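Student: Quick one: the structure is below, questions incoming.
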Amino acid sequence: MASRMLWASRAASYLRISMFHRGFSTVLNDLKYADSHEWVKVNGNSATIGITDHAQDHLGDVVYVELPEVGATVKQGGSFGAVESVKATSDVNSPVSGKVVEVNEELSNSPALVNSSPYENGWIIKVEMNDAGELKNLMGSEEYSKFCEEEDSKH
């Protein structure tokens, strides 16, 4: 069993490197981005939040996502949970302030959705925003892409 798991893990890492390796991460135009690598999609005063493709790429295979309770309050820039990967555990910060109205329960059973579908199925929480004005503190797609390029060039 262990040797089969090791083989599968080697095969997966080989495939990921050869098939999905790219010089840049996907950045979607209709989202806003925090410098801590979270994205937010706003619909009215509802905000869906997750980690960016860039973040999941740097973290590696996600094995666990710590979710907040529905009803918890989050503050812009404040931590509300964590994403644990085979490499590291990383706090997840909220790009906006508000109340958690939904958590992505799918991540309890399938944390790898954060890797495979960071902008769709891998969303983490939905928040009812307190102040839409906070969105001005976030980056658009072009600005975020430049930010990632600059950050990567430092490493």
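Scheme for the structure tokens: letters A, B, ... for chains in order shown; per-chain residue numbers from 1; ligand numbers from 1 in order shown.
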If we count only C-alpha atoms and set the cut-off at 6 Å, which residues sit around region 53-66 of chain A, ignoring sequence neighbours fewer than 6 positions away in its own chain? Please answer as a list of chain:residue names.
Tutor: A:Ser25, A:Thr26, A:His37, A:Gly81, A:Ala82, A:Val83, A:Glu84, A:Ser85, A:Val86, A:Pro111, A:Ala112, A:Asn115, A:Pro118
Student: Would you output that residue set with N, CA, C and O atoms, as a PDB file, in the first residue's frame?
Tutor:
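Output (part_24.pdb):
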```
ATOM      1  N   SER A  25       0.828  32.415 -13.054  1.00  0.00           N
ATOM      2  CA  SER A  25      -0.404  31.826 -12.551  1.00  0.00           C
ATOM      3  C   SER A  25      -1.596  32.499 -13.211  1.00  0.00           C
ATOM      4  O   SER A  25      -1.491  33.607 -13.714  1.00  0.00           O
ATOM      5  N   THR A  26      -2.717  31.807 -13.170  1.00  0.00           N
ATOM      6  CA  THR A  26      -3.945  32.362 -13.714  1.00  0.00           C
ATOM      7  C   THR A  26      -4.450  33.471 -12.788  1.00  0.00           C
ATOM      8  O   THR A  26      -4.504  33.280 -11.574  1.00  0.00           O
ATOM      9  N   HIS A  37      -2.366  37.167  -1.064  1.00  0.00           N
ATOM     10  CA  HIS A  37      -2.732  36.164  -2.067  1.00  0.00           C
ATOM     11  C   HIS A  37      -4.107  35.515  -1.869  1.00  0.00           C
ATOM     12  O   HIS A  37      -4.306  34.348  -2.172  1.00  0.00           O
ATOM     13  N   GLY A  81      -8.606  31.493   9.003  1.00  0.00           N
ATOM     14  CA  GLY A  81      -8.430  30.052   8.865  1.00  0.00           C
ATOM     15  C   GLY A  81      -7.033  29.771   8.361  1.00  0.00           C
ATOM     16  O   GLY A  81      -6.172  30.659   8.365  1.00  0.00           O
ATOM     17  N   ALA A  82      -6.815  28.526   7.921  1.00  0.00           N
ATOM     18  CA  ALA A  82      -5.496  28.152   7.437  1.00  0.00           C
ATOM     19  C   ALA A  82      -5.630  27.100   6.346  1.00  0.00           C
ATOM     20  O   ALA A  82      -6.619  26.376   6.278  1.00  0.00           O
ATOM     21  N   VAL A  83      -4.607  27.058   5.501  1.00  0.00           N
ATOM     22  CA  VAL A  83      -4.503  26.035   4.474  1.00  0.00           C
ATOM     23  C   VAL A  83      -3.211  25.291   4.750  1.00  0.00           C
ATOM     24  O   VAL A  83      -2.144  25.901   4.867  1.00  0.00           O
ATOM     25  N   GLU A  84      -3.328  23.968   4.895  1.00  0.00           N
ATOM     26  CA  GLU A  84      -2.158  23.147   5.179  1.00  0.00           C
ATOM     27  C   GLU A  84      -1.826  22.343   3.934  1.00  0.00           C
ATOM     28  O   GLU A  84      -2.699  21.730   3.330  1.00  0.00           O
ATOM     29  N   SER A  85      -0.559  22.408   3.537  1.00  0.00           N
ATOM     30  CA  SER A  85      -0.130  21.649   2.368  1.00  0.00           C
ATOM     31  C   SER A  85       0.983  20.705   2.799  1.00  0.00           C
ATOM     32  O   SER A  85       1.393  20.711   3.962  1.00  0.00           O
ATOM     33  N   VAL A  86       1.478  19.918   1.847  1.00  0.00           N
ATOM     34  CA  VAL A  86       2.577  19.013   2.165  1.00  0.00           C
ATOM     35  C   VAL A  86       3.836  19.805   2.525  1.00  0.00           C
ATOM     36  O   VAL A  86       4.696  19.295   3.227  1.00  0.00           O
ATOM     37  N   PRO A 111      -9.857  18.742   0.197  1.00  0.00           N
ATOM     38  CA  PRO A 111      -9.070  19.983   0.295  1.00  0.00           C
ATOM     39  C   PRO A 111      -8.306  20.301  -0.989  1.00  0.00           C
ATOM     40  O   PRO A 111      -8.009  21.457  -1.263  1.00  0.00           O
ATOM     41  N   ALA A 112      -8.042  19.294  -1.825  1.00  0.00           N
ATOM     42  CA  ALA A 112      -7.293  19.507  -3.069  1.00  0.00           C
ATOM     43  C   ALA A 112      -8.059  20.350  -4.084  1.00  0.00           C
ATOM     44  O   ALA A 112      -7.488  20.789  -5.079  1.00  0.00           O
ATOM     45  N   ASN A 115      -6.348  23.383  -4.945  1.00  0.00           N
ATOM     46  CA  ASN A 115      -5.329  23.280  -5.991  1.00  0.00           C
ATOM     47  C   ASN A 115      -5.941  23.198  -7.384  1.00  0.00           C
ATOM     48  O   ASN A 115      -5.535  23.907  -8.290  1.00  0.00           O
ATOM     49  N   PRO A 118      -8.941  26.743  -7.856  1.00  0.00           N
ATOM     50  CA  PRO A 118      -8.856  27.783  -6.829  1.00  0.00           C
ATOM     51  C   PRO A 118      -9.925  28.870  -6.941  1.00  0.00           C
ATOM     52  O   PRO A 118     -10.316  29.450  -5.934  1.00  0.00           O
TER      53      PRO A 118
END
```
Student: List every residue of region 2-153 of chain A that DSSP, applied to the backbone, labels as helix (DSSP H, G or I), and write the result as JSON, numbers by chain.
Tutor: {"A": [2, 3, 4, 5, 6, 7, 8, 9, 10, 11, 12, 13, 14, 15, 16, 17, 18, 19, 20, 53, 54, 55, 56, 57, 58, 59, 106, 107, 108, 109, 113, 114, 115, 116, 132, 133, 134, 135, 136, 137, 141, 142, 143, 144, 145, 146, 147, 148, 149, 150, 151, 152, 153]}
Student: Keeping only C-alpha atoms, write the selected residues as a compact mmCIF listing (two decimals), in the first residue's frame.
Tutor:
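Wrote it out as result24.txt, contents follow:
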```txt
# COMPACT_ATOMS: atom_id res chain seq x y z
CA ALA A 2 2.70 2.49 1.03
CA SER A 3 4.75 1.83 -2.11
CA ARG A 4 1.67 2.33 -4.27
CA MET A 5 0.96 5.66 -2.50
CA LEU A 6 4.58 6.70 -3.01
CA TRP A 7 4.38 5.78 -6.69
CA ALA A 8 1.11 7.72 -7.07
CA SER A 9 2.61 10.72 -5.33
CA ARG A 10 5.72 10.60 -7.55
CA ALA A 11 3.57 10.20 -10.64
CA ALA A 12 1.39 13.12 -9.55
CA SER A 13 4.35 15.38 -8.93
CA TYR A 14 5.92 14.36 -12.24
CA LEU A 15 2.67 15.02 -14.10
CA ARG A 16 2.12 18.33 -12.35
CA ILE A 17 5.60 19.52 -13.25
CA SER A 18 5.48 18.36 -16.85
CA MET A 19 1.86 19.17 -17.64
CA PHE A 20 0.88 22.16 -15.56
CA ASP A 53 -3.78 30.21 -8.16
CA HIS A 54 -0.39 31.76 -7.38
CA ALA A 55 -0.78 30.92 -3.67
CA GLN A 56 -1.89 27.31 -4.21
CA ASP A 57 0.95 26.84 -6.70
CA HIS A 58 3.51 27.96 -4.10
CA LEU A 59 1.91 25.92 -1.31
CA GLU A 106 -16.61 20.35 0.32
CA LEU A 107 -13.08 21.29 1.42
CA SER A 108 -13.39 19.07 4.51
CA ASN A 109 -13.47 15.98 2.29
CA LEU A 113 -10.12 21.52 -4.71
CA VAL A 114 -8.06 24.54 -3.61
CA ASN A 115 -5.33 23.28 -5.99
CA SER A 116 -7.43 22.04 -8.88
CA ALA A 132 -17.70 47.87 0.16
CA GLY A 133 -15.29 50.83 0.34
CA GLU A 134 -12.61 48.39 1.56
CA LEU A 135 -12.42 47.02 -1.98
CA LYS A 136 -10.40 50.14 -2.88
CA ASN A 137 -7.56 48.71 -0.74
CA SER A 141 -5.89 41.63 -11.95
CA GLU A 142 -3.11 43.53 -13.75
CA GLU A 143 -1.78 45.03 -10.55
CA TYR A 144 -1.85 41.60 -8.83
CA SER A 145 -0.05 39.92 -11.75
CA LYS A 146 2.74 42.52 -11.53
CA PHE A 147 2.86 42.09 -7.74
CA CYS A 148 3.35 38.31 -8.14
CA GLU A 149 6.05 38.74 -10.79
CA GLU A 150 7.96 41.16 -8.55
CA GLU A 151 7.58 38.90 -5.53
CA ASP A 152 8.77 35.83 -7.47
CA SER A 153 11.78 37.68 -8.85
```
Student: Measuring atom to atom with only C-alpha atoms, identify which of A:Glu105, A:Asp91, A:Glu69, A:Asp30 is nearest to Asn121 (chain A).
Tutor: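 Checking each of A:Glu105, A:Asp91, A:Glu69, A:Asp30 against Asn121 (chain A), counting only C-alpha atoms, the winner is A:Glu105.
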Student: Can you pull out every residue from chain A that DSSP, working from the backbone, puts in strand (DSSP E or B), and format the result as JSON, numbers by chain?
Tutor: {"A": [32, 33, 38, 39, 40, 41, 42, 43, 46, 47, 48, 49, 50, 51, 62, 63, 64, 65, 66, 73, 74, 76, 79, 80, 81, 82, 83, 84, 85, 89, 90, 91, 92, 93, 94, 98, 99, 100, 101, 102, 103, 125, 126, 127, 128, 129, 139]}
